[in-house]
Structures are given as C-alpha cells and as structure tokens.
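Structure first, commentary second.
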Amino acid sequence: MKSRETRPQILDRHFKQREGIILAIDRYYRSKTDEELRLIRAELTREQQMLGNIPLLASTTPIVFLIFGSQVNQYFPHTSIRWKVAVVLSVLIIVWSINHHFRKRGRVYLDLYLIEQIEKERSKTAQTPVE
C-alpha cells in the first residue's frame with residue numbers, strides 16, 4: 001500500500017487484513033491482571049531500549065571489513081570467488097537484520113500501545129466518584 005493512499009476501499013482492505021492479529025493480541029492483554037500487565041510493560045520497555053543493537057550491527061559491518069581488510073584479503077583473495085560469496089552473505093545479513101529490527105520495533109510499539117490503552121480504560125473504570 002502506498003503511504004499516501006486515500007481511497008477508502010484500499011484502506012479498508014489493508015486494515016481488515018491486519019485486524020485479526022491485533023484483536024488476538026488485545027484479547028491476550030485484556031486477560032492479564034494489572035500486575036501482569038505492569039511486568040509485561042516493563043519487559044517491553046527494556047526490549048524497546050535494546051532495539052538499537054541491530055542497526056549498530058548493520059552500520060559497523062562495513063567498517064570491520066575496512067579495518068581488517070588486509071587480513072580478510074589473505075583468506076579471500078581477489079582471484080577467488082569466496083570473497084564474492086562473503087560480500088553477498090554480508091549484504092544479506094545486513095538486509096535481514098534491518099528488516100528484523102523494524103518488524104520487532106513495530107511489534108513492541110503495538111504491544112506497548114495496546115497495554116497503555118487497556119491501563120487507561122481500567123483506570124477510568126476503577127475511579128469512583130467522590131461523594
């Protein structure tokens with residue numbers, strides 16, 4: 001789907017495809033107690049803070065090849081096909097790790113959002129009016 005899509009039919013179809021998984025996650029979190037939600041939220045916050053490790057891997061891999069270029073050249077001479085295989089594998093690993101990072105990041109933010117909404121709803125219903 002294009003990021004500037006405005007046609008209702010396209011938007012409805014796009015969000016309808018993802019509705020089932022979001023409802024299942026929401027039902028799961030609603031079945032938890034406040035204490036369990038607090039602990040899950042703490043774990044998700046910790047996980048959210050650790051998400052920078054994957055882009056770090058992706059950005060430092062080329063630097064490592066530059067620093068250790070002469071040593072790498074001993075194992076992968078330019079006349080060999082092994083260096084091409086190593087480069088292709090490195091690129092695949094970097095692309096996979098970035099894709100994994102953004103999927104994980106999206107899931108953590110979705111989970112945190114759902115937990116926050118549930119906590120807000122529960123705090124509203126738990127408040128009793130002062131007489």
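Residues are named by chain letter and number: chains run A, B, ... in the order of the structure tokens, numbers start at 1 in each chain, and ligands are numbered from 1 in the order shown.
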Exercise for the section: With a distance cut-off of 10 Å and only C-alpha atoms, select the neighbouring residues of Thr45 (chain A), excluding the residue or stretch itself and same-chain residues fewer than 6 positions from it, and output the selection as a list in words. Expected result: Leu39, Val108, Tyr109 and Leu112 of chain A
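Computed from the coordinates, the CA of Glu35 (chain A) to CA of Arg103 (chain A) distance equals 27.1 Å.
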Problem - Residue contacts of region 120-122 of chain A (10 Å, only C-alpha atoms) excluding same-chain residues fewer than 5 positions away, as number ranges by chain - result: A: 30, 34, 114-115, 127
Same residues, N, CA and C atoms, output as an mmCIF file, in the first residue's frame:
data_model
loop_
_atom_site.group_PDB
_atom_site.id
_atom_site.type_symbol
_atom_site.label_atom_id
_atom_site.label_comp_id
_atom_site.auth_asym_id
_atom_site.auth_seq_id
_atom_site.Cartn_x
_atom_site.Cartn_y
_atom_site.Cartn_z
ATOM 1 N N ARG A 30 -5.922 -8.177 27.594
ATOM 2 C CA ARG A 30 -7.086 -7.919 28.458
ATOM 3 C C ARG A 30 -7.306 -9.049 29.464
ATOM 4 N N ASP A 34 -3.602 -6.486 36.356
ATOM 5 C CA ASP A 34 -2.840 -5.239 36.327
ATOM 6 C C ASP A 34 -1.364 -5.478 36.636
ATOM 7 N N LEU A 114 -1.198 -1.033 23.008
ATOM 8 C CA LEU A 114 -2.369 -1.768 23.488
ATOM 9 C C LEU A 114 -2.391 -1.830 25.013
ATOM 10 N N ILE A 115 -1.250 -2.050 25.632
ATOM 11 C CA ILE A 115 -1.190 -2.107 27.097
ATOM 12 C C ILE A 115 -1.554 -0.749 27.690
ATOM 13 N N GLN A 127 -11.835 4.303 38.953
ATOM 14 C CA GLN A 127 -12.054 5.531 39.711
ATOM 15 C C GLN A 127 -13.524 5.619 40.128
#
Non-local contacts of region 49-66 of chain A (7 Å; only C-alpha atoms; under 6 positions in same chain excluded) as a PDB file with N, CA and C atoms, in the first residue's frame:
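Written output follows (out-v2.pdb):
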ATOM      1  N   ILE A  94      22.912  -8.082   6.565  1.00  0.00           N
ATOM      2  CA  ILE A  94      22.576  -6.694   6.902  1.00  0.00           C
ATOM      3  C   ILE A  94      21.120  -6.390   6.546  1.00  0.00           C
ATOM      4  N   SER A  97      18.836  -8.211   8.977  1.00  0.00           N
ATOM      5  CA  SER A  97      18.850  -7.644  10.330  1.00  0.00           C
ATOM      6  C   SER A  97      18.077  -6.331  10.389  1.00  0.00           C
ATOM      7  N   ILE A  98      18.174  -5.518   9.349  1.00  0.00           N
ATOM      8  CA  ILE A  98      17.410  -4.266   9.340  1.00  0.00           C
ATOM      9  C   ILE A  98      15.913  -4.558   9.242  1.00  0.00           C
ATOM     10  N   HIS A 101      14.796  -5.823  12.571  1.00  0.00           N
ATOM     11  CA  HIS A 101      14.767  -4.723  13.525  1.00  0.00           C
ATOM     12  C   HIS A 101      13.454  -3.939  13.430  1.00  0.00           C
ATOM     13  N   ARG A 105      10.560  -3.754  16.146  1.00  0.00           N
ATOM     14  CA  ARG A 105      10.241  -2.432  16.677  1.00  0.00           C
ATOM     15  C   ARG A 105       8.754  -2.140  16.552  1.00  0.00           C
TER      16      ARG A 105
END
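For the set A:Arg38, A:Asp111, A:Thr6, A:His78, the residue with the smallest atom-to-atom gap to Ala24 (chain A) is A:Asp111, counting only C-alpha atoms.
The space between CA of Leu44 (chain A) and CA of Lys124 (chain A) spans 23.3 Å.
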